[in-house]
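Here's the structure, in structure tokens; my notes come after.
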Amino acid sequence: MKNRLGFLGGALLISAVGTVALAAAAAPVPPGSSRPQVAPGCCSTSVPRLPAAAFCDAVIWTEPGSSTPIVENIVVHPPSVQSLEEGMILMFHGSYEDQCWAKNDLNQGQIVAQKRNELFAAAAAQGWWTVTFNGCTSDECAPGQHNATYGSPEMDRNAVKVIEHMVTNYGIDKTKIYGFGYSMGGDVLNFAARHLDADADGGMLAGVWARSAVTSAAMKYECYPAGHAATFAENILEAAPGEDPDDDPYPFVRASSIHHFDASHGHFDCPGVHQPLPTADPDQSLAHNLAGRHVTLSGAAGDPDDIKNQYLIFDNFMGAMGYDTLVDPNGQQYYQTIFNMQGGHLTWGGFDATAVVNFLARQPTVEYPAPPQTTIALADGRWYWFTIKQDAVGEITPFSWDTELANNRVSITETSNISSIAFNLADLGLQGPQSGSAPRPVLVDYQTLDTASPAADIIISDYGASPPTNVILSIGSLSQMLAQGAGWDHYPATGKLVLHDGGRAMALHQWRIDP
């Protein structure tokens, strides 16, 4: 199954949902929880207040080994109709905004609050909850606060904790969580690309809509004025004052759904400075992880060039990697004049909340992509069906994977920075010795591009209680049968079979495991 990327056209009409009065009586809160009240000052008095049904809540926890509590204030809006779905939209606000989506500029703040409330109403009418995060605004972070950009590890953890809070206390179905983000909040794309396991903390977003999104931290840094870029680098890319974040590319990748490079200049330059536009690095682009997801990017004709070009590069990348893209019925291109610009700033004017909710409501629940697939892991953990341990923390771990059910084969190739990779045969649709009366050999192909540390452990977590009769390793024309302990180990108590791949980089290692 290939992914669906919708690039909305100009046929959308402004929704009237903002004029619909929200029901004062909200859906019941699950037993054992209490409804917090709207806290004084939750939203500035200079912009429209929250709807009567909305309320503030707080998620409080401490990091392991720390005694300092972390507080993430959230605004929650319940459904106005009963629904069996118990779905939820996460609203990722933009730079210079807060959880109430109020801008410093009064007129713009009125528009932001109106559109925020329209989204609340549209989701509520669908029978869904909505929740917005806090996070300080871009240039106003006090000590101990975290910027609202969800590419930062602190805000990523905050968002995960908020999702778990909503699932636990409000009965949200983890397979029906969707994301919407505006401007810097378009990092909802990056958040979706970093969370690929529906069973993990925070779950996995089933679909996202990003409006005028920042898809590349590198482009954001290079193309914005020096003062703002410096703040961005210090808050998001964790660069010290005066330090060039290009010296440490990992934060750029972590905070991006596509990562650019300009081979002729060594780094990315702003649109118009060097043509053609740079390409996305296929080995460092989290957009791979959006395959199988449901994503819409929408923008404005008057958006800054760096925003428009990020969409174009994103679309080109997805097409070049073989993932489907869907355009609107009129065959329009990657961004359309469905929003307005005022005073040279991004604006919410013309935004259609109903279109967002209707799009997300049409998407199925969480689903994993069909092979073949390239996945980019940023840390130890579960990425789709594969549990990764890295050689070096704070770097990228790309790997490609495929399955051949007819041959009972899994192929893991083009890997880098892997210490071990574990999987269950059952998750991949393959058969192990415990699968039936006529067990089949398991075939495992593995290849690494690493030259410094090519060895890795390949772990079949559900092989079974009995060891294999033969394990044969073939590299090119050379095949050899390996004894237990020399090239593999079996652990009857846990059913794990561990293949110790200590071979040469670039070579394809083919394992045959006879039951």
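Letters A, B, ... go to the chains of the structure tokens in the order shown; residues in each chain start at 1; ligands are counted from 1 in the same order.
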
Got a sec to tell me which of segment 358-465 of chain A DSSP assigns to strand (DSSP E), as a ChimeraX atom specification?
/A:373-377,381-383,386-390,397-404,409-415,418-423,442-448,456-460

Suppose we keep N, CA and C atoms; can you now write the selection as a short mmCIF file (atom, residue, chain, number, x, y, z; two decimals), in the first residue's frame?
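Generated file (out_14.cif):
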```cif
data_model
loop_
_atom_site.label_atom_id
_atom_site.label_comp_id
_atom_site.auth_asym_id
_atom_site.auth_seq_id
_atom_site.Cartn_x
_atom_site.Cartn_y
_atom_site.Cartn_z
N GLN A 373 9.93 -0.89 1.73
CA GLN A 373 9.86 0.39 2.40
C GLN A 373 11.23 0.76 2.96
N THR A 374 11.54 2.05 2.89
CA THR A 374 12.71 2.60 3.57
C THR A 374 12.24 3.33 4.81
N THR A 375 12.91 3.09 5.92
CA THR A 375 12.55 3.72 7.19
C THR A 375 13.78 4.43 7.75
N ILE A 376 13.55 5.58 8.36
CA ILE A 376 14.62 6.35 8.97
C ILE A 376 14.38 6.37 10.48
N ALA A 377 15.26 5.73 11.24
CA ALA A 377 15.15 5.72 12.70
C ALA A 377 16.08 6.79 13.27
N GLY A 381 14.64 2.06 19.56
CA GLY A 381 13.20 1.88 19.77
C GLY A 381 12.58 1.13 18.62
N ARG A 382 11.25 1.07 18.65
CA ARG A 382 10.49 0.31 17.65
C ARG A 382 10.08 1.23 16.51
N TRP A 383 10.44 0.85 15.30
CA TRP A 383 10.11 1.60 14.10
C TRP A 383 9.35 0.66 13.17
N PHE A 386 10.13 -3.17 13.44
CA PHE A 386 11.53 -3.45 13.72
C PHE A 386 12.00 -2.67 14.95
N THR A 387 12.68 -3.37 15.86
CA THR A 387 13.23 -2.74 17.05
C THR A 387 14.72 -2.53 16.82
N ILE A 388 15.12 -1.26 16.87
CA ILE A 388 16.48 -0.86 16.50
C ILE A 388 17.29 -0.51 17.74
N LYS A 389 18.53 -0.96 17.77
CA LYS A 389 19.54 -0.43 18.68
C LYS A 389 20.66 0.13 17.82
N GLN A 390 21.02 1.37 18.10
CA GLN A 390 21.99 2.06 17.27
C GLN A 390 23.42 1.82 17.73
N THR A 397 19.68 6.35 11.47
CA THR A 397 19.76 4.93 11.16
C THR A 397 18.76 4.60 10.05
N PRO A 398 19.17 4.73 8.80
CA PRO A 398 18.28 4.33 7.70
C PRO A 398 18.37 2.83 7.44
N PHE A 399 17.27 2.25 7.04
CA PHE A 399 17.30 0.85 6.59
C PHE A 399 16.11 0.61 5.67
N SER A 400 16.34 -0.23 4.68
CA SER A 400 15.28 -0.63 3.76
C SER A 400 14.87 -2.06 4.08
N TRP A 401 13.58 -2.35 3.93
CA TRP A 401 13.11 -3.69 4.26
C TRP A 401 12.04 -4.14 3.27
N ASP A 402 11.99 -5.45 3.09
CA ASP A 402 11.03 -6.05 2.16
C ASP A 402 10.73 -7.45 2.64
N THR A 403 9.62 -8.01 2.23
CA THR A 403 9.28 -9.39 2.54
C THR A 403 8.81 -10.10 1.28
N GLU A 404 9.12 -11.37 1.21
CA GLU A 404 8.62 -12.25 0.14
C GLU A 404 7.90 -13.40 0.82
N ARG A 409 10.79 -15.01 3.18
CA ARG A 409 12.03 -14.25 3.23
C ARG A 409 11.78 -12.82 3.72
N VAL A 410 12.70 -12.30 4.53
CA VAL A 410 12.75 -10.89 4.87
C VAL A 410 14.11 -10.35 4.46
N SER A 411 14.11 -9.18 3.81
CA SER A 411 15.35 -8.55 3.37
C SER A 411 15.50 -7.22 4.07
N ILE A 412 16.65 -7.01 4.70
CA ILE A 412 16.97 -5.76 5.39
C ILE A 412 18.27 -5.27 4.79
N THR A 413 18.21 -4.21 4.01
CA THR A 413 19.36 -3.79 3.22
C THR A 413 19.59 -2.29 3.39
N GLU A 414 20.75 -1.84 2.87
CA GLU A 414 21.12 -0.43 2.88
C GLU A 414 21.05 0.15 4.29
N THR A 415 21.48 -0.63 5.25
CA THR A 415 21.43 -0.18 6.64
C THR A 415 22.67 0.63 6.99
N ILE A 418 23.52 0.47 12.78
CA ILE A 418 22.70 -0.53 13.48
C ILE A 418 23.59 -1.44 14.31
N SER A 419 23.31 -1.51 15.59
CA SER A 419 23.95 -2.48 16.46
C SER A 419 23.17 -3.79 16.47
N SER A 420 21.84 -3.68 16.52
CA SER A 420 20.98 -4.86 16.40
C SER A 420 19.64 -4.44 15.84
N ILE A 421 19.00 -5.38 15.16
CA ILE A 421 17.66 -5.16 14.63
C ILE A 421 16.84 -6.41 14.92
N ALA A 422 15.71 -6.24 15.60
CA ALA A 422 14.88 -7.36 16.02
C ALA A 422 13.50 -7.24 15.39
N PHE A 423 12.88 -8.40 15.14
CA PHE A 423 11.54 -8.42 14.55
C PHE A 423 10.87 -9.74 14.88
N VAL A 442 13.38 -20.32 7.05
CA VAL A 442 13.30 -18.86 7.09
C VAL A 442 14.52 -18.30 6.40
N LEU A 443 14.30 -17.38 5.47
CA LEU A 443 15.39 -16.76 4.74
C LEU A 443 15.52 -15.31 5.20
N VAL A 444 16.74 -14.91 5.53
CA VAL A 444 17.01 -13.54 5.99
C VAL A 444 18.17 -12.97 5.18
N ASP A 445 17.92 -11.88 4.48
CA ASP A 445 18.97 -11.17 3.77
C ASP A 445 19.33 -9.92 4.58
N TYR A 446 20.63 -9.64 4.68
CA TYR A 446 21.07 -8.46 5.43
C TYR A 446 22.27 -7.83 4.74
N GLN A 447 22.25 -6.51 4.67
CA GLN A 447 23.36 -5.78 4.07
C GLN A 447 23.54 -4.46 4.82
N THR A 448 24.77 -4.06 5.05
CA THR A 448 25.04 -2.78 5.67
C THR A 448 25.98 -1.96 4.80
N ALA A 456 26.47 -6.60 13.14
CA ALA A 456 25.18 -6.33 13.78
C ALA A 456 24.56 -7.66 14.16
N ASP A 457 23.71 -7.63 15.18
CA ASP A 457 22.92 -8.80 15.54
C ASP A 457 21.54 -8.69 14.90
N ILE A 458 21.12 -9.77 14.27
CA ILE A 458 19.78 -9.87 13.68
C ILE A 458 18.98 -10.81 14.57
N ILE A 459 17.92 -10.31 15.17
CA ILE A 459 17.21 -11.05 16.21
C ILE A 459 15.81 -11.38 15.73
N ILE A 460 15.51 -12.67 15.61
CA ILE A 460 14.15 -13.14 15.36
C ILE A 460 13.53 -13.43 16.72
#
```

Would you mind telling me which residue in A:Gly242, A:Pro64, A:Pro69, A:Pro371 lies nearest to Leu405 of chain A when using only C-alpha atoms?
A:Pro371

Proximity to Tyr178 of chain A - best of A:Thr215, A:Thr296, A:Thr279, A:Ser285, only C-alpha atoms
A:Thr296

I'd like the neighbourhood of Gln284 of chain A as a PyMOL selection string, where a residue qualifies if any of its atoms comes within 10 Å (using only C-alpha atoms), though same-chain residues fewer than 6 positions away should be ignored.
chain A and resi 249-250+252-254+256-260+375-378+395-398

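Each of A:His509, A:Trp209, A:Asp201, A:Tyr491 was compared to Ala355 of chain A using only C-alpha atoms, and A:Trp209 turns out to be the nearest.
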
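Here atom CA of Val208 of chain A stands at a distance of 4.5 Å from atom CA of Gly179 of chain A.
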
Please provide as number ranges by chain all residues within 9 Å of Gly207 of chain A, with the sequence filter that same-chain residues fewer than 6 positions apart are discarded (counting only C-alpha atoms).
A: 176-180, 192, 293-296, 359-360, 363-366

Expected file contents, prior selection, N, CA, C and O atoms, as a CSV table (one decimal), in the first residue's frame:
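Output contents, as saved in out_29.csv:
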```csv
chain,number,residue,atom,x,y,z
A,176,LYS,N,-7.1,6.2,16.4
A,176,LYS,CA,-7.9,7.3,15.7
A,176,LYS,C,-7.5,8.7,16.2
A,176,LYS,O,-8.3,9.5,16.6
A,177,ILE,N,-6.2,8.9,16.2
A,177,ILE,CA,-5.6,10.2,16.6
A,177,ILE,C,-5.0,10.8,15.3
A,177,ILE,O,-4.3,10.2,14.6
A,178,TYR,N,-5.4,12.1,15.1
A,178,TYR,CA,-5.1,12.8,13.9
A,178,TYR,C,-4.4,14.1,14.3
A,178,TYR,O,-4.6,14.6,15.4
A,179,GLY,N,-3.6,14.7,13.4
A,179,GLY,CA,-2.9,15.9,13.7
A,179,GLY,C,-3.2,17.0,12.7
A,179,GLY,O,-3.3,16.8,11.5
A,180,PHE,N,-3.2,18.2,13.2
A,180,PHE,CA,-3.3,19.4,12.4
A,180,PHE,C,-2.3,20.4,12.9
A,180,PHE,O,-2.1,20.6,14.1
A,192,ALA,N,4.6,13.0,13.3
A,192,ALA,CA,4.0,11.7,12.7
A,192,ALA,C,5.1,10.8,12.2
A,192,ALA,O,5.0,9.6,12.3
A,293,ARG,N,0.8,6.7,5.4
A,293,ARG,CA,0.0,7.6,6.1
A,293,ARG,C,-0.8,8.5,5.2
A,293,ARG,O,-0.7,8.5,4.0
A,294,HIS,N,-1.7,9.3,5.8
A,294,HIS,CA,-2.6,10.2,5.0
A,294,HIS,C,-2.2,11.6,5.4
A,294,HIS,O,-2.5,12.1,6.5
A,295,VAL,N,-1.7,12.3,4.4
A,295,VAL,CA,-1.1,13.6,4.6
A,295,VAL,C,-1.6,14.6,3.6
A,295,VAL,O,-1.7,14.3,2.4
A,296,THR,N,-2.0,15.7,4.1
A,296,THR,CA,-2.3,16.9,3.2
A,296,THR,C,-1.5,18.0,3.6
A,296,THR,O,-1.3,18.4,4.7
A,359,PHE,N,-11.5,15.7,5.8
A,359,PHE,CA,-10.4,14.9,5.2
A,359,PHE,C,-10.0,13.9,6.2
A,359,PHE,O,-9.8,12.7,5.9
A,360,LEU,N,-9.7,14.3,7.4
A,360,LEU,CA,-9.2,13.4,8.4
A,360,LEU,C,-10.3,12.3,8.7
A,360,LEU,O,-9.9,11.1,9.0
A,363,GLN,N,-10.2,9.2,6.6
A,363,GLN,CA,-9.1,8.3,6.6
A,363,GLN,C,-9.3,7.2,7.5
A,363,GLN,O,-10.0,7.3,8.5
A,364,PRO,N,-8.8,6.0,7.2
A,364,PRO,CA,-8.9,4.9,8.1
A,364,PRO,C,-8.1,5.0,9.3
A,364,PRO,O,-7.4,6.0,9.5
A,365,THR,N,-8.2,4.1,10.2
A,365,THR,CA,-7.4,4.1,11.4
A,365,THR,C,-6.0,3.8,11.1
A,365,THR,O,-5.6,3.5,9.9
A,366,VAL,N,-5.1,3.7,12.1
A,366,VAL,CA,-3.7,3.5,11.8
A,366,VAL,C,-3.4,2.2,11.0
A,366,VAL,O,-4.0,1.2,11.2
```

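Reported to one decimal place, the separation of atom CA of Gly171 of chain A from atom CA of Thr68 of chain A is 28.3 Å.
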
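Within the 7 Å cut-off around segment 71-85 of chain A, using only C-alpha atoms and omitting residues fewer than 2 positions from it on the same chain, the listed residues are Ala23, Ala26, Ala27, Ala53, Ala54, Phe55, Cys56, Asp57, Ala58, Val59, Ile60, Trp61, Pro69, Gly87, Gln99, Phe120, Ala123, Ala124, Ala125, Gly127, Trp128, Trp129, Thr130, Val131, Thr132, Phe133, Asn134 and Asn158 of chain A.
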
Go ahead and write the residues just picked, N, CA, C and O atoms, as an mmCIF file, in the first residue's frame.
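Result file out_11.cif:
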```
data_model
loop_
_atom_site.group_PDB
_atom_site.id
_atom_site.type_symbol
_atom_site.label_atom_id
_atom_site.label_comp_id
_atom_site.auth_asym_id
_atom_site.auth_seq_id
_atom_site.Cartn_x
_atom_site.Cartn_y
_atom_site.Cartn_z
ATOM 1 N N ALA A 23 -22.541 23.374 21.804
ATOM 2 C CA ALA A 23 -23.385 22.933 22.907
ATOM 3 C C ALA A 23 -22.671 23.180 24.227
ATOM 4 O O ALA A 23 -21.510 22.848 24.387
ATOM 5 N N ALA A 26 -21.064 19.435 27.474
ATOM 6 C CA ALA A 26 -20.036 18.653 26.790
ATOM 7 C C ALA A 26 -20.259 17.171 27.027
ATOM 8 O O ALA A 26 -21.002 16.762 27.916
ATOM 9 N N ALA A 27 -19.615 16.365 26.201
ATOM 10 C CA ALA A 27 -19.699 14.920 26.379
ATOM 11 C C ALA A 27 -19.150 14.549 27.753
ATOM 12 O O ALA A 27 -18.256 15.212 28.274
ATOM 13 N N ALA A 53 -17.528 25.322 26.054
ATOM 14 C CA ALA A 53 -17.301 23.896 26.269
ATOM 15 C C ALA A 53 -15.836 23.560 26.509
ATOM 16 O O ALA A 53 -15.526 22.489 27.027
ATOM 17 N N ALA A 54 -14.932 24.461 26.144
ATOM 18 C CA ALA A 54 -13.500 24.173 26.286
ATOM 19 C C ALA A 54 -13.060 24.367 27.728
ATOM 20 O O ALA A 54 -13.658 25.114 28.495
ATOM 21 N N PHE A 55 -12.005 23.674 28.088
ATOM 22 C CA PHE A 55 -11.466 23.814 29.437
ATOM 23 C C PHE A 55 -9.970 23.544 29.412
ATOM 24 O O PHE A 55 -9.443 22.961 28.459
ATOM 25 N N CYS A 56 -9.291 23.984 30.453
ATOM 26 C CA CYS A 56 -7.854 23.777 30.554
ATOM 27 C C CYS A 56 -7.557 22.561 31.421
ATOM 28 O O CYS A 56 -8.295 22.249 32.355
ATOM 29 N N ASP A 57 -6.484 21.904 31.105
ATOM 30 C CA ASP A 57 -6.013 20.765 31.881
ATOM 31 C C ASP A 57 -4.495 20.881 31.946
ATOM 32 O O ASP A 57 -3.892 21.693 31.239
ATOM 33 N N ALA A 58 -3.890 20.093 32.780
ATOM 34 C CA ALA A 58 -2.433 20.116 32.915
ATOM 35 C C ALA A 58 -1.913 18.694 32.993
ATOM 36 O O ALA A 58 -2.498 17.837 33.664
ATOM 37 N N VAL A 59 -0.829 18.425 32.286
ATOM 38 C CA VAL A 59 -0.162 17.133 32.319
ATOM 39 C C VAL A 59 1.155 17.331 33.055
ATOM 40 O O VAL A 59 1.997 18.136 32.643
ATOM 41 N N ILE A 60 1.323 16.622 34.159
ATOM 42 C CA ILE A 60 2.482 16.821 35.031
ATOM 43 C C ILE A 60 3.210 15.485 35.193
ATOM 44 O O ILE A 60 2.583 14.459 35.477
ATOM 45 N N TRP A 61 4.521 15.512 35.013
ATOM 46 C CA TRP A 61 5.319 14.317 35.195
ATOM 47 C C TRP A 61 6.753 14.732 35.487
ATOM 48 O O TRP A 61 7.109 15.904 35.396
ATOM 49 N N PRO A 69 9.310 18.683 38.540
ATOM 50 C CA PRO A 69 8.131 18.357 37.725
ATOM 51 C C PRO A 69 8.113 19.153 36.424
ATOM 52 O O PRO A 69 8.561 20.306 36.371
ATOM 53 N N GLY A 87 -12.452 9.634 18.596
ATOM 54 C CA GLY A 87 -11.248 10.119 17.952
ATOM 55 C C GLY A 87 -10.781 11.431 18.550
ATOM 56 O O GLY A 87 -11.438 12.029 19.408
ATOM 57 N N GLN A 99 -1.163 28.089 23.362
ATOM 58 C CA GLN A 99 -2.132 27.005 23.245
ATOM 59 C C GLN A 99 -3.524 27.513 22.915
ATOM 60 O O GLN A 99 -4.390 26.756 22.503
ATOM 61 N N PHE A 120 -12.352 23.678 16.580
ATOM 62 C CA PHE A 120 -12.995 23.063 17.739
ATOM 63 C C PHE A 120 -14.403 22.597 17.373
ATOM 64 O O PHE A 120 -14.805 21.470 17.668
ATOM 65 N N ALA A 123 -14.557 19.636 14.751
ATOM 66 C CA ALA A 123 -14.190 18.359 15.360
ATOM 67 C C ALA A 123 -15.268 17.891 16.333
ATOM 68 O O ALA A 123 -15.598 16.699 16.385
ATOM 69 N N ALA A 124 -15.816 18.820 17.106
ATOM 70 C CA ALA A 124 -16.858 18.460 18.067
ATOM 71 C C ALA A 124 -18.082 17.891 17.362
ATOM 72 O O ALA A 124 -18.698 16.931 17.827
ATOM 73 N N ALA A 125 -18.438 18.488 16.212
ATOM 74 C CA ALA A 125 -19.588 17.997 15.457
ATOM 75 C C ALA A 125 -19.334 16.625 14.858
ATOM 76 O O ALA A 125 -20.279 15.880 14.562
ATOM 77 N N GLY A 127 -17.837 14.393 16.529
ATOM 78 C CA GLY A 127 -17.805 13.489 17.676
ATOM 79 C C GLY A 127 -16.406 13.243 18.181
ATOM 80 O O GLY A 127 -16.156 12.247 18.854
ATOM 81 N N TRP A 128 -15.480 14.184 17.891
ATOM 82 C CA TRP A 128 -14.088 14.035 18.277
ATOM 83 C C TRP A 128 -13.716 15.046 19.356
ATOM 84 O O TRP A 128 -14.277 16.135 19.449
ATOM 85 N N TRP A 129 -12.713 14.678 20.139
ATOM 86 C CA TRP A 129 -12.059 15.588 21.062
ATOM 87 C C TRP A 129 -10.993 16.363 20.292
ATOM 88 O O TRP A 129 -10.494 15.914 19.254
ATOM 89 N N THR A 130 -10.625 17.518 20.820
ATOM 90 C CA THR A 130 -9.442 18.225 20.332
ATOM 91 C C THR A 130 -8.605 18.641 21.527
ATOM 92 O O THR A 130 -9.119 18.858 22.629
ATOM 93 N N VAL A 131 -7.308 18.763 21.307
ATOM 94 C CA VAL A 131 -6.407 19.219 22.364
ATOM 95 C C VAL A 131 -5.307 20.051 21.727
ATOM 96 O O VAL A 131 -4.808 19.716 20.646
ATOM 97 N N THR A 132 -4.966 21.177 22.348
ATOM 98 C CA THR A 132 -3.843 21.996 21.911
ATOM 99 C C THR A 132 -2.788 22.010 23.004
ATOM 100 O O THR A 132 -3.103 21.901 24.189
ATOM 101 N N PHE A 133 -1.543 22.152 22.577
ATOM 102 C CA PHE A 133 -0.412 22.152 23.492
ATOM 103 C C PHE A 133 -0.081 23.580 23.921
ATOM 104 O O PHE A 133 -0.532 24.541 23.311
ATOM 105 N N ASN A 134 0.772 23.683 24.920
ATOM 106 C CA ASN A 134 1.220 24.995 25.364
ATOM 107 C C ASN A 134 2.523 25.320 24.643
ATOM 108 O O ASN A 134 2.518 25.639 23.479
ATOM 109 N N ASN A 158 6.808 16.079 25.492
ATOM 110 C CA ASN A 158 5.587 16.687 26.017
ATOM 111 C C ASN A 158 4.362 16.208 25.246
ATOM 112 O O ASN A 158 3.321 15.879 25.835
#
```

I need the residue nearest Ile513 of chain A from this list: A:Gln480, A:Asp489, A:Ser95, A:Leu473. Use only C-alpha atoms for the distance.
A:Leu473
